[in-house]
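Structure first, then comments.
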Amino acid sequence: MPPRVRVLIVDDSASVRQTLKAILEEDPGLEVIGTAADPFAAARIIQTQVPDVITLDVEMPRMDGITFLRKLMSQCPVPVVMCSSLTEAGSETLLQALEAGAVDVILKPRMDVADHLSEARDMIREVVKGAARARVSARRPAPPRLRPEQKLTADAVLPPPSGRAMSRTTEMAVCIGASTGGTEALREVLEALPANSPGIVVVQHMPERFTRAFANRLNSLCEVTVKEAEEGDTVMRGHVLIAPGGKHTLLERQGARYLVSVRDGPLVSRHRPSVDVLFRSAARCAGSNAVGVIMTGMGDDGAQGLLEMKQAGARTFAQDEASSVVFGMPKEAIARGAADKVLSLGAIAGEILRAAAR
């Protein structure tokens, strides 16, 4: 039997600590080595035994979770999963945590809703086990990113002449799927894309509400326009649609254009949104007019869907092991023969543009 994943729970709420401990210990592959009400108590535990994963609350007395995370990542890097309530303000803070080195996010379990708790149990255990496989390293505080002042051209008033008619009846549609470690990986890819990039739809495994803050953050950093997807949004050049947490997002064709459909539904590959759902919809309605990219993440969500895209004629890419925080989803896709190319993180944006140009 493989060794159990040792988890330290850090949360100022005794009821949350108790509930998380019970959920995790239902899995024989997980072991809670301790619980702490604040970062100082957590530090004392870490001095005697270093956990494989830490679940960390954001708001705590004496020291907030972000400050503790930054200290931890600079002195004793351990995979950290942030645990938060469902609030818009908390979403912004969690994005800071992901940028500081946290590998994933979970919602605090709600004991008052039976259906929620049932799904939350599986999701929490899956995220923690995925985090245990993440590769983390010591981080120095990142300097603030300053965007250069934009120099406007005539494009601000009217679009440039195309020079020729479109050779296809529809635009390309790029579909990207990611999970553990994906928030920062996606930022790197999208920041490298020019403003006239092909339309993109992204599934990043995140809880509901956090995806909107994630999209807004990316929009402030990228040349492309990034927003959380809504029912009926058109997939168009220079725009990126982020699937909302808690909903499946599908690609649909309407005449010569693509749009998205945002739907309820069961967990698929233990996720909602599911990469497999997005990729399958692209295979069905876009075929060779699509590009599929599967990136860092735990499990196999998206592996079968990427294969279906390839079989339908799409160009397909997988992130390589060296640049993946968790080499799970890309590894499964590669093993199934679903990827035309295996790429480093830094090469993905350029390959998307080359595939779209062809």
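Ligands are numbered from 1 in the order shown, residues from 1 within each chain, and chains are lettered A, B, ... in the order they appear in the structure tokens.
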* Long-range neighbours of region 42-44 of chain A as a VMD selection string, 10 Å cut-off, only C-alpha atoms, 3 positions minimum in chain -> chain A and resid 8 to 11 34 to 39 47 to 50 54 56 68 72
* Asked: Leaving out region 244-253 of chain A and any residue of its chain fewer than 2 positions from it, which residues lie within 8 Å of it when counting only C-alpha atoms, given as number ranges by chain?
  -> A: 203, 205-212, 228-230, 242, 255-265, 272-274, 277-278, 281-282, 285-286
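For Val342 (chain A), the set of protein, DNA and RNA residues having any atom at most 6 Å away, when counting only C-alpha atoms and skipping those fewer than 2 positions along the same chain, is Phe317, Ala318, Gln319 and Asp320 of chain A.
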Okay, now the selection with N, CA, C and O atoms, as a tab-separated table (two decimals), in the first residue's frame?
chain	number	residue	atom	x	y	z
A	317	PHE	N	-3.06	19.59	-28.24
A	317	PHE	CA	-1.78	19.76	-27.56
A	317	PHE	C	-1.92	19.42	-26.08
A	317	PHE	O	-2.97	19.64	-25.49
A	318	ALA	N	-0.82	18.92	-25.51
A	318	ALA	CA	-0.77	18.63	-24.07
A	318	ALA	C	0.46	19.28	-23.47
A	318	ALA	O	1.54	19.29	-24.08
A	319	GLN	N	0.33	19.80	-22.26
A	319	GLN	CA	1.47	20.39	-21.55
A	319	GLN	C	2.41	19.28	-21.10
A	319	GLN	O	1.97	18.18	-20.69
A	320	ASP	N	3.71	19.54	-21.13
A	320	ASP	CA	4.68	18.50	-20.78
A	320	ASP	C	4.84	18.36	-19.27
A	320	ASP	O	4.37	19.19	-18.49
* **Test item: residues at most 6 Å from region 15-28 of chain A, only C-alpha atoms, excluding those fewer than 3 positions along its chain, as a list in words** =>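 Those residues are Glu31, Arg121 and Arg125 of chain A.
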* **Proximity to His271 (chain A) - best of A:Asn289, A:Val136, A:Ser179, A:Met1, only C-alpha atoms** =>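 So, comparing all the options, the nearest one is A:Ser179.
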* Using only C-alpha atoms, which of A:Asp12, A:Glu59, A:Asp276, A:Asp233 sits nearest Cys175 (chain A)? -> A:Asp276
* Could you give me the residues within region 165-281 of chain A that DSSP places in strand (DSSP E), as number ranges by chain? => A: 173-178, 199-204, 225-228, 234-235, 239-242, 248-254, 257-263
Resulting file, chosen residues, N, CA, C and O atoms, as a compact mmCIF listing (two decimals), in the first residue's frame:
# COMPACT_ATOMS: atom_id res chain seq x y z
N ALA A 173 -12.04 27.92 -33.07
CA ALA A 173 -12.42 27.92 -31.66
C ALA A 173 -11.36 27.14 -30.90
O ALA A 173 -11.09 25.97 -31.22
N VAL A 174 -10.75 27.77 -29.91
CA VAL A 174 -9.72 27.14 -29.10
C VAL A 174 -10.32 26.77 -27.75
O VAL A 174 -10.93 27.62 -27.08
N CYS A 175 -10.16 25.52 -27.33
CA CYS A 175 -10.69 25.05 -26.05
C CYS A 175 -9.52 24.60 -25.18
O CYS A 175 -8.69 23.79 -25.61
N ILE A 176 -9.46 25.11 -23.95
CA ILE A 176 -8.36 24.81 -23.03
C ILE A 176 -8.94 24.26 -21.74
O ILE A 176 -9.92 24.79 -21.20
N GLY A 177 -8.31 23.21 -21.21
CA GLY A 177 -8.72 22.64 -19.93
C GLY A 177 -7.55 22.55 -18.97
O GLY A 177 -6.44 22.19 -19.37
N ALA A 178 -7.78 22.91 -17.70
CA ALA A 178 -6.71 22.88 -16.69
C ALA A 178 -7.31 22.65 -15.32
O ALA A 178 -8.51 22.88 -15.10
N GLY A 199 -10.73 33.07 -30.84
CA GLY A 199 -11.59 32.96 -29.67
C GLY A 199 -11.28 31.72 -28.85
O GLY A 199 -11.02 30.65 -29.39
N ILE A 200 -11.31 31.87 -27.53
CA ILE A 200 -10.90 30.80 -26.62
C ILE A 200 -11.97 30.57 -25.56
O ILE A 200 -12.54 31.52 -25.02
N VAL A 201 -12.20 29.29 -25.24
CA VAL A 201 -13.07 28.91 -24.11
C VAL A 201 -12.23 28.07 -23.16
O VAL A 201 -11.55 27.13 -23.59
N VAL A 202 -12.26 28.41 -21.87
CA VAL A 202 -11.41 27.76 -20.88
C VAL A 202 -12.26 27.11 -19.80
O VAL A 202 -13.21 27.72 -19.28
N VAL A 203 -11.93 25.86 -19.47
CA VAL A 203 -12.44 25.24 -18.25
C VAL A 203 -11.26 25.10 -17.29
O VAL A 203 -10.30 24.39 -17.57
N GLN A 204 -11.32 25.83 -16.18
CA GLN A 204 -10.36 25.71 -15.08
C GLN A 204 -11.15 25.24 -13.87
O GLN A 204 -12.13 25.87 -13.49
N THR A 225 -9.37 40.11 -24.23
CA THR A 225 -10.44 40.40 -23.27
C THR A 225 -10.89 39.10 -22.62
O THR A 225 -11.21 38.14 -23.31
N VAL A 226 -10.90 39.07 -21.30
CA VAL A 226 -11.25 37.85 -20.57
C VAL A 226 -12.47 38.12 -19.70
O VAL A 226 -12.54 39.14 -19.00
N LYS A 227 -13.47 37.22 -19.74
CA LYS A 227 -14.64 37.35 -18.90
C LYS A 227 -15.17 35.97 -18.54
O LYS A 227 -14.85 34.97 -19.21
N GLU A 228 -15.96 35.91 -17.48
CA GLU A 228 -16.65 34.66 -17.14
C GLU A 228 -17.75 34.43 -18.17
O GLU A 228 -18.50 35.34 -18.52
N THR A 234 -20.77 34.87 -27.52
CA THR A 234 -20.14 34.49 -28.78
C THR A 234 -18.65 34.29 -28.58
O THR A 234 -17.99 35.05 -27.88
N VAL A 235 -18.14 33.23 -29.20
CA VAL A 235 -16.70 32.97 -29.20
C VAL A 235 -16.11 33.76 -30.37
O VAL A 235 -16.39 33.45 -31.53
N HIS A 239 -11.10 37.38 -27.61
CA HIS A 239 -11.89 37.19 -26.40
C HIS A 239 -11.66 35.79 -25.82
O HIS A 239 -11.57 34.80 -26.57
N VAL A 240 -11.61 35.73 -24.50
CA VAL A 240 -11.47 34.47 -23.77
C VAL A 240 -12.64 34.34 -22.80
O VAL A 240 -12.91 35.27 -22.03
N LEU A 241 -13.33 33.22 -22.84
CA LEU A 241 -14.46 32.96 -21.95
C LEU A 241 -14.06 31.89 -20.94
O LEU A 241 -13.63 30.80 -21.31
N ILE A 242 -14.19 32.20 -19.65
CA ILE A 242 -13.85 31.27 -18.57
C ILE A 242 -15.14 30.61 -18.08
O ILE A 242 -16.08 31.30 -17.67
N HIS A 248 -21.52 23.47 -16.25
CA HIS A 248 -20.83 22.96 -17.43
C HIS A 248 -20.93 24.00 -18.55
O HIS A 248 -21.96 24.67 -18.69
N THR A 249 -19.87 24.15 -19.33
CA THR A 249 -19.85 25.07 -20.46
C THR A 249 -19.57 24.30 -21.73
O THR A 249 -18.58 23.57 -21.81
N LEU A 250 -20.44 24.46 -22.72
CA LEU A 250 -20.35 23.73 -23.98
C LEU A 250 -20.18 24.71 -25.14
O LEU A 250 -20.69 25.83 -25.09
N LEU A 251 -19.51 24.26 -26.17
CA LEU A 251 -19.39 25.02 -27.41
C LEU A 251 -20.53 24.61 -28.34
O LEU A 251 -20.83 23.43 -28.49
N GLU A 252 -21.18 25.60 -28.94
CA GLU A 252 -22.25 25.32 -29.90
C GLU A 252 -22.04 26.16 -31.15
O GLU A 252 -21.40 27.22 -31.09
N ARG A 253 -22.56 25.69 -32.26
CA ARG A 253 -22.44 26.43 -33.52
C ARG A 253 -23.80 27.00 -33.91
O ARG A 253 -24.82 26.33 -33.81
N GLN A 254 -23.78 28.24 -34.34
CA GLN A 254 -24.99 28.89 -34.82
C GLN A 254 -24.63 29.60 -36.13
O GLN A 254 -24.02 30.66 -36.13
N ARG A 257 -20.95 31.06 -36.77
CA ARG A 257 -20.25 31.48 -35.56
C ARG A 257 -20.44 30.45 -34.45
O ARG A 257 -21.31 29.58 -34.51
N TYR A 258 -19.58 30.56 -33.46
CA TYR A 258 -19.67 29.70 -32.29
C TYR A 258 -20.11 30.51 -31.08
O TYR A 258 -19.77 31.70 -30.95
N LEU A 259 -20.86 29.88 -30.21
CA LEU A 259 -21.24 30.49 -28.94
C LEU A 259 -21.18 29.43 -27.86
O LEU A 259 -20.93 28.26 -28.15
N VAL A 260 -21.38 29.86 -26.62
CA VAL A 260 -21.32 28.90 -25.52
C VAL A 260 -22.68 28.73 -24.87
O VAL A 260 -23.50 29.65 -24.84
N SER A 261 -22.88 27.52 -24.37
CA SER A 261 -24.07 27.21 -23.59
C SER A 261 -23.61 26.85 -22.18
O SER A 261 -22.70 26.03 -22.00
N VAL A 262 -24.20 27.49 -21.18
CA VAL A 262 -23.84 27.26 -19.78
C VAL A 262 -24.99 26.50 -19.11
O VAL A 262 -26.11 27.00 -19.08
N ARG A 263 -24.70 25.31 -18.60
CA ARG A 263 -25.77 24.42 -18.13
C ARG A 263 -25.46 23.83 -16.76
O ARG A 263 -24.31 23.65 -16.38
* Among listed residues A:Pro61, A:Gly302, A:Pro194, A:Gly350, nearest Arg336 (chain A) (using only C-alpha atoms) -> A:Gly302
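Of the listed residues A:Arg70, A:Lys108, A:Arg62, A:Lys129, the one whose atoms come nearest to Arg4 (chain A) is A:Lys129, with distances taken using only C-alpha atoms.
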* Point-to-point distance in Å for CA of Ala355 (chain A) and CA of Thr316 (chain A) ->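 That distance, rounded to one decimal, is 9.2 Å.
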